[in-house]
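Content type compact mmCIF, C-alpha atoms, from the file target19.txt:
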# COMPACT_ATOMS: atom_id res chain seq x y z
CA MET A 736 0.00 0.00 0.00
CA ARG A 737 2.88 2.36 0.78
CA GLN A 738 4.40 1.70 -2.66
CA LEU A 739 1.05 2.47 -4.33
CA GLY A 740 0.80 5.81 -2.53
CA ILE A 741 4.32 6.85 -3.44
CA LEU A 742 3.79 5.85 -7.08
CA LEU A 743 0.58 7.87 -7.30
CA ALA A 744 2.18 10.88 -5.69
CA ILE A 745 5.21 10.82 -7.99
CA CYS A 746 3.19 10.27 -11.16
CA MET A 747 0.61 12.97 -10.55
CA TYR A 748 2.65 15.60 -8.75
CA ALA A 749 6.16 15.32 -10.10
CA LEU A 750 6.44 19.01 -10.95
CA PRO A 751 8.75 21.00 -8.65
CA VAL A 752 5.96 23.35 -7.57
CA TRP A 753 4.46 20.45 -5.64
CA GLY A 754 7.61 19.60 -3.78
CA SER A 755 8.57 16.05 -2.83
CA GLU A 756 6.83 13.47 -0.69
CA LYS A 757 10.29 12.59 0.71
CA ASN A 758 10.18 15.81 2.74
CA CYS A 759 6.92 14.84 4.46
CA GLU A 760 8.25 13.08 7.56
CA LYS A 761 5.24 13.99 9.72
CA VAL A 762 1.84 15.50 8.95
CA VAL A 763 0.38 18.05 11.37
CA VAL A 764 -3.40 18.26 11.16
CA THR A 765 -6.18 20.31 12.70
CA GLY A 766 -9.95 20.54 12.45
CA GLU A 767 -12.97 22.33 13.86
CA PRO A 768 -13.35 21.04 17.46
CA GLY A 769 -17.12 21.62 17.44
CA TRP A 770 -18.08 19.82 14.23
CA ALA A 771 -19.07 16.37 15.46
CA PRO A 772 -18.91 13.68 14.21
CA TYR A 773 -16.26 14.89 11.74
CA SER A 774 -13.97 16.53 14.28
CA TYR A 775 -14.48 17.29 17.94
CA GLU A 776 -12.55 17.81 21.15
CA LYS A 777 -12.53 15.02 23.71
CA ASN A 778 -10.20 14.71 26.69
CA GLY A 779 -8.16 17.63 25.41
CA THR A 780 -7.46 16.07 22.01
CA LEU A 781 -8.90 16.39 18.52
CA GLN A 782 -10.95 13.32 17.59
CA GLY A 783 -13.64 12.40 15.10
CA VAL A 784 -14.27 10.36 11.99
CA SER A 785 -12.16 12.70 9.81
CA VAL A 786 -9.26 12.46 12.26
CA GLU A 787 -9.53 8.66 12.35
CA LEU A 788 -9.63 8.55 8.56
CA ILE A 789 -6.55 10.72 8.05
CA GLU A 790 -4.63 8.78 10.73
CA MET A 791 -5.51 5.53 8.97
CA LEU A 792 -4.49 6.76 5.50
CA PHE A 793 -1.16 8.25 6.57
CA GLY A 794 -0.60 5.18 8.77
CA GLU A 795 -0.71 3.11 5.58
CA LEU A 796 2.19 5.27 4.38
CA ASP A 797 4.09 4.93 7.68
CA ILE A 798 3.90 8.69 8.21
CA PRO A 799 3.07 9.81 11.77
CA VAL A 800 0.16 12.19 12.33
CA GLU A 801 0.19 14.95 14.94
CA THR A 802 -3.19 16.46 15.81
CA GLN A 803 -3.53 20.01 17.08
CA LEU A 804 -6.56 21.70 18.56
CA PRO A 805 -6.96 25.01 16.73
CA GLY A 806 -6.57 28.29 18.53
CA HIS A 807 -8.14 31.45 17.18
CA VAL A 808 -9.27 31.16 13.55
CA ASP A 809 -6.61 33.70 12.53
CA ASP A 810 -3.94 31.48 14.11
CA VAL A 811 -5.11 28.57 11.94
CA GLU A 812 -4.89 30.71 8.81
CA HIS A 813 -1.43 31.96 9.79
CA SER A 814 -0.22 28.40 10.44
CA LEU A 815 -1.64 27.07 7.16
CA ARG A 816 -0.01 29.81 5.13
CA ARG A 817 3.37 28.95 6.65
CA SER A 818 2.86 25.17 6.74
CA ARG A 819 3.02 24.96 10.52
CA ILE A 820 -0.18 23.01 9.96
CA ASP A 821 -0.15 20.69 6.96
CA LEU A 822 -3.80 19.78 6.65
CA ILE A 823 -7.38 20.49 7.75
CA VAL A 824 -9.06 17.13 8.22
CA GLY A 825 -12.50 18.35 7.15
CA THR A 826 -13.85 21.51 5.55
CA TYR A 827 -16.43 22.71 3.07
CA ASP A 828 -15.26 24.74 0.09
CA ASN A 829 -14.41 27.86 2.05
CA GLU A 830 -13.64 31.07 0.19
CA LYS A 831 -11.30 32.39 2.89
CA TYR A 832 -9.00 29.38 2.36
CA ARG A 833 -8.86 29.45 -1.44
CA ASP A 834 -5.57 31.35 -1.72
CA PHE A 835 -3.54 29.05 0.52
CA VAL A 836 -5.36 25.70 0.84
CA TYR A 837 -5.53 22.88 -1.72
CA LEU A 838 -8.78 20.90 -1.49
CA VAL A 839 -8.48 17.21 -2.30
CA GLU A 840 -11.35 16.76 -4.73
CA PRO A 841 -13.82 15.20 -4.84
CA GLY A 842 -14.93 15.41 -1.23
CA TYR A 843 -14.82 12.20 0.77
CA TYR A 844 -18.30 12.74 2.28
CA GLU A 845 -21.48 14.38 1.07
CA ASP A 846 -22.83 16.38 4.00
CA ALA A 847 -26.46 17.47 3.98
CA VAL A 848 -27.15 20.89 5.48
CA SER A 849 -30.52 20.43 7.15
CA ILE A 850 -33.06 22.18 9.37
CA VAL A 851 -34.35 20.87 12.71
CA VAL A 852 -37.49 22.21 14.40
CA SER A 853 -39.28 21.39 17.64
CA GLU A 854 -42.36 19.21 17.58
CA ASN A 855 -45.57 21.11 16.77
CA ARG A 856 -43.53 23.97 15.27
CA TYR A 857 -43.30 22.66 11.72
CA ILE A 858 -42.13 25.02 8.96
CA ASP A 859 -43.40 24.65 5.41
CA PHE A 860 -39.97 24.81 3.81
CA SER A 861 -39.54 24.57 0.06
CA SER A 862 -37.02 27.35 -0.58
CA TRP A 863 -34.58 29.44 1.41
CA TYR A 864 -37.00 32.38 1.30
CA ASP A 865 -39.45 30.41 3.48
CA LEU A 866 -37.08 31.02 6.40
CA MET A 867 -37.45 34.80 6.19
CA GLY A 868 -38.95 36.38 9.29
CA ARG A 869 -37.99 33.42 11.48
CA ILE A 870 -35.10 33.19 13.92
CA GLY A 871 -32.49 30.55 13.14
CA LEU A 872 -29.51 29.35 15.10
CA THR A 873 -26.34 27.48 14.23
CA SER A 874 -23.48 26.56 16.50
CA ARG A 875 -20.43 28.80 16.62
CA ASN A 876 -18.04 28.18 13.70
CA ASN A 877 -20.38 25.59 12.18
CA GLN A 878 -20.13 25.38 8.40
CA LEU A 879 -23.28 26.02 6.34
CA GLY A 880 -22.00 26.19 2.79
CA PHE A 881 -20.80 29.28 0.96
CA ASP A 882 -23.99 30.03 -1.04
CA PHE A 883 -26.39 29.66 1.89
CA SER A 884 -24.14 31.70 4.19
CA ASP A 885 -24.13 34.54 1.64
CA PHE A 886 -27.90 34.32 1.24
CA SER A 887 -28.51 34.35 5.00
CA LYS A 888 -26.44 37.52 5.42
CA ASP A 889 -28.83 39.36 3.09
CA TYR A 890 -32.20 37.81 3.90
CA LEU A 891 -32.25 35.73 7.08
CA HIS A 892 -31.80 35.97 10.85
CA VAL A 893 -29.37 33.11 11.53
CA HIS A 894 -27.26 33.60 14.65
CA ALA A 895 -23.98 31.69 14.93
CA GLU A 896 -23.42 31.20 18.64
CA GLY A 897 -23.53 28.76 21.51
CA THR A 898 -22.79 25.10 21.92
CA LEU A 899 -24.75 22.20 20.48
CA GLY A 900 -26.45 21.44 23.80
CA ALA A 901 -27.35 25.06 24.53
CA ASN A 902 -28.80 25.49 21.06
CA PHE A 903 -31.09 22.49 21.42
CA ILE A 904 -32.34 23.93 24.73
CA ASN A 905 -33.07 27.24 22.97
CA LEU A 906 -34.96 25.38 20.27
CA LYS A 907 -36.94 23.29 22.75
CA GLU A 908 -37.93 26.39 24.73
CA GLY A 909 -39.05 28.27 21.61
CA ILE A 910 -36.40 30.98 21.84
CA VAL A 911 -35.49 30.24 18.21
CA ASP A 912 -37.60 28.78 15.40
CA TYR A 913 -35.07 26.39 13.89
CA LEU A 914 -31.54 25.06 13.97
CA VAL A 915 -29.55 24.79 10.76
CA GLY A 916 -26.35 22.85 10.18
CA SER A 917 -24.78 19.59 9.13
CA GLN A 918 -27.40 16.84 9.21
CA ARG A 919 -25.02 14.49 11.00
CA PHE A 920 -24.01 17.21 13.44
CA LEU A 921 -27.67 17.85 14.24
CA GLU A 922 -28.28 14.12 14.51
CA VAL A 923 -25.68 14.00 17.27
CA GLY A 924 -27.51 16.80 19.08
CA MET A 925 -30.88 15.08 18.77
CA GLY A 926 -29.40 11.88 20.12
CA ARG A 927 -27.67 13.58 23.07
CA TYR A 928 -30.16 16.25 24.07
CA GLY A 929 -33.56 15.12 22.80
CA LYS A 930 -36.17 12.47 23.33
CA GLN A 931 -38.02 10.59 20.64
CA GLY A 932 -40.54 12.93 18.99
CA GLU A 933 -39.21 16.19 20.48
CA PHE A 934 -37.52 17.35 17.27
CA ASP A 935 -38.15 16.95 13.55
CA VAL A 936 -35.76 17.14 10.61
CA LEU A 937 -37.50 19.00 7.79
CA PRO A 938 -37.91 16.78 4.70
CA LYS A 939 -36.08 19.19 2.37
CA LEU A 940 -32.37 19.96 2.41
CA VAL A 941 -30.83 23.40 2.57
CA SER A 942 -28.02 22.06 0.38
CA ASN A 943 -25.60 19.20 -0.13
CA GLU A 944 -21.99 20.08 0.65
CA PRO A 945 -18.91 17.93 0.02
CA VAL A 946 -16.46 17.56 2.90
CA PHE A 947 -12.83 17.90 1.83
CA PHE A 948 -9.33 17.32 3.10
CA GLY A 949 -7.52 20.67 2.81
CA PHE A 950 -3.72 20.81 2.44
CA SER A 951 -1.68 23.92 3.06
CA LEU A 952 -0.20 24.94 -0.28
CA ALA A 953 3.09 25.47 1.55
CA SER A 954 3.16 21.87 2.83
CA GLU A 955 5.36 19.20 1.27
CA CYS A 956 2.81 16.61 2.43
CA LYS A 957 0.33 17.75 -0.24
CA ALA A 958 2.28 15.48 -2.61
CA TYR A 959 0.19 12.66 -1.09
CA ALA A 960 -3.09 14.21 -2.18
CA PRO A 961 -3.55 11.65 -5.01
CA TYR A 962 -3.14 8.81 -2.53
CA LEU A 963 -5.77 10.27 -0.20
CA ARG A 964 -8.09 10.83 -3.14
CA ALA A 965 -7.76 7.27 -4.40
CA ARG A 966 -8.08 5.59 -1.01
CA ALA A 967 -11.06 7.71 0.07
CA LYS A 968 -12.81 6.76 -3.15
CA GLU A 969 -12.20 3.06 -2.43
CA LEU A 970 -13.44 3.34 1.16
CA ARG A 971 -16.51 5.24 0.11
CA ALA A 972 -17.41 2.65 -2.55
CA SER A 973 -17.12 -0.15 0.02
CA ASN A 974 -19.34 1.74 2.55
CA GLN A 975 -16.47 1.79 5.07
CA LEU A 976 -16.70 5.58 5.39
CA GLU A 977 -20.39 5.39 6.24
CA ALA A 978 -19.65 2.69 8.82
CA MET A 979 -17.04 4.94 10.44
CA LEU A 980 -19.58 7.77 10.62
CA THR A 981 -22.19 5.52 12.21
CA LYS A 982 -19.67 4.38 14.81
CA HIS A 983 -18.74 7.91 15.86
CA ILE A 984 -22.36 9.05 16.03
CA ALA A 985 -23.14 6.07 18.29
CA ILE A 986 -20.18 6.95 20.54
CA LEU A 987 -21.20 10.60 20.76
CA THR A 988 -24.81 9.80 21.58
CA GLU A 989 -23.82 7.02 24.03
CA ASN A 990 -25.48 4.46 21.75
CA LYS A 991 -28.83 6.24 22.09
CA THR A 992 -29.01 7.61 18.57
CA LEU A 993 -32.61 8.35 17.66
CA ALA A 994 -34.30 6.74 14.70
CA LEU A 995 -34.57 9.82 12.50
CA LYS A 996 -36.58 10.51 9.41
CA LYS A 997 -33.90 11.54 6.93
CA PRO A 998 -34.41 14.56 4.66
CA GLU A 999 -34.89 13.99 0.98
CA SER A 1000 -31.67 13.76 -1.00
CA THR A 1001 -32.49 16.69 -3.30
CA ASP A 1002 -30.93 20.12 -3.00
CA ILE A 1003 -32.94 23.26 -2.32
CA THR A 1004 -32.62 25.95 -4.95
CA PHE A 1005 -33.97 29.33 -3.94
CA PRO A 1006 -36.12 31.35 -6.40
CA LEU A 1007 -34.25 33.69 -8.71
CA ASP A 1008 -36.88 36.39 -8.25
CA SER A 1009 -36.39 37.97 -4.84
CA PRO A 1010 -39.56 39.08 -3.04
CA ILE A 1011 -37.66 42.09 -1.69
Could you express the structure from this file as structure tokens?
Amino acid sequence: MRQLGILLAICMYALPVWGSEKNCEKVVVTGEPGWAPYSYEKNGTLQGVSVELIEMLFGELDIPVETQLPGHVDDVEHSLRRSRIDLIVGTYDNEKYRDFVYLVEPGYYEDAVSIVVSENRYIDFSSWYDLMGRIGLTSRNNQLGFDFSDFSKDYLHVHAEGTLGANFINLKEGIVDYLVGSQRFLEVGMGRYGKQGEFDVLPKLVSNEPVFFGFSLASECKAYAPYLRARAKELRASNQLEAMLTKHIAILTENKTLALKKPESTDITFPLDSPI
């Protein structure tokens, strides 16, 4: 397996601008500590399905992985630009990273951005405009997708604050009308902080967003991007990635994951004609 990775890296990224995989003796990774089940803080360390995946893939190459909990978001950007951090284990396509982060495409997961409401507070949701006039909440630093984030700045009241548990309490008490975020992230919250029937996932998606590995452009370890791409594709085809997700969700919800009605697998496209 190590020989396959090296061969892929050499064949696809032999140009000098990409550096050499021989200079990647250790890969330093970080991730959002509040984006369960992809990456989260536990016992003072960064854990999650994306961390486990990257440790497994670089383990196949006999390259040690060092995980770092991120400090301030500006510190992460500074470290990525200077290759003090080699890789973000999981991110959406994020405009602020485009000048100094290489996304390993395609994404290794498809992540549905969904809406959760309390029982008896159903929202008839068929386009983003249906959320106008309502109060939404997403956890601090949670990723919502570039297009929806831009739309919400102009048309919606979506506050980015609080922890997952506190936000579910606010939803249950009617302080906010809905929570929006990663479907799997919200599933963790429903399993940890809700009882069967207390919350509903709306049957339409806000969007589908791929989850990427993101290499610092200054990192020599990005020469292994083709290996990560090929192996993630194999694991996804064999359903091993989905099994890893299920395992982490069960751990996070203490094996009390609720049986949820999943949203439909179609994207929401908002009307081109604005009512404003």
Between A:Gln782, A:Gln878, A:Thr873, A:Thr802, which is the closest to Leu987 in chain A once you count all atoms listed in the file?
A:Gln782
If you measure from CA of Tyr827 in chain A to CA of Asn943 in chain A, what distance in Å do you get, rounded to one decimal?
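Computed distance, CA of Tyr827 in chain A to CA of Asn943 in chain A, equals 10.3 Å.
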Rounded to one decimal in Å, what is the spacing between CA of Gly825 in chain A and CA of Asp846 in chain A?
11.0 Å
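Nearest residue to Ser954 in chain A among A:Glu795, A:Glu933, A:Glu787, A:Asp821 is A:Asp821, counting all atoms listed in the file.
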Nearest to Leu838 in chain A among A:Asn855, A:Ser774, A:Asn905, A:Thr826, with distances taken over all atoms listed in the file: which residue is it?
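Residue with the minimum atom-to-atom distance to Leu838 in chain A: A:Thr826.
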Atom pair CA of Pro961 in chain A / CA of Phe881 in chain A: separation (Å):
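Atom-to-atom, CA of Pro961 in chain A to CA of Phe881 in chain A, that is 25.4 Å.
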Applying 10 Å and all atoms listed in the file, which residues near Ala771 in chain A remain after dropping the ones on its own chain fewer than 5 positions away? List them as a ChimeraX atom specification.
/A:776,782-785,877,899,917,919-924,980,983-984,987
Counting only C-alpha atoms, the residue of A:Asp797, A:Met791, A:Gly779, A:Arg833 that sits nearest Ala967 in chain A
A:Met791
Can you tell me, as a list in words, what residues are no more than 10 Å from Val762 in chain A when counting only C-alpha atoms, ignoring any on the same chain fewer than 6 positions away?
Ile789, Glu790, Phe793, Ile798, Pro799, Val800, Glu801, Thr802, Ser818, Arg819, Ile820, Asp821, Leu822, Ser954, Glu955, Cys956 and Lys957 of chain A
I'd like the neighbourhood of range 944-946 of chain A as a PyMOL selection string, where a residue qualifies if any of its atoms comes within 12 Å (using all atoms listed in the file), though same-chain residues fewer than 3 positions away should be ignored.
chain A and resi 766+770+773-774+784-785+823-829+838-849+878-883+916-918+940-941+949+967+1000-1003
Select, from A:Thr780, A:Leu815, A:Leu970, A:Gly794, the residue with the minimum atom-to-atom distance to Tyr837 in chain A, counting all atoms listed in the file.
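Distance minimum relative to Tyr837 in chain A lands on A:Leu815.
Using all atoms listed in the file, the smallest distance between any of A:Ile870, A:Gly900, A:Ser951, A:Val893 and Arg816 in chain A comes from A:Ser951.
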Nearby residues, (-34.2, 25.7, 17.0) file frame, 7 Å, all atoms listed in the file, as a PyMOL selection string
chain A and resi 851-853+871-872+902-903+905-907+911-914
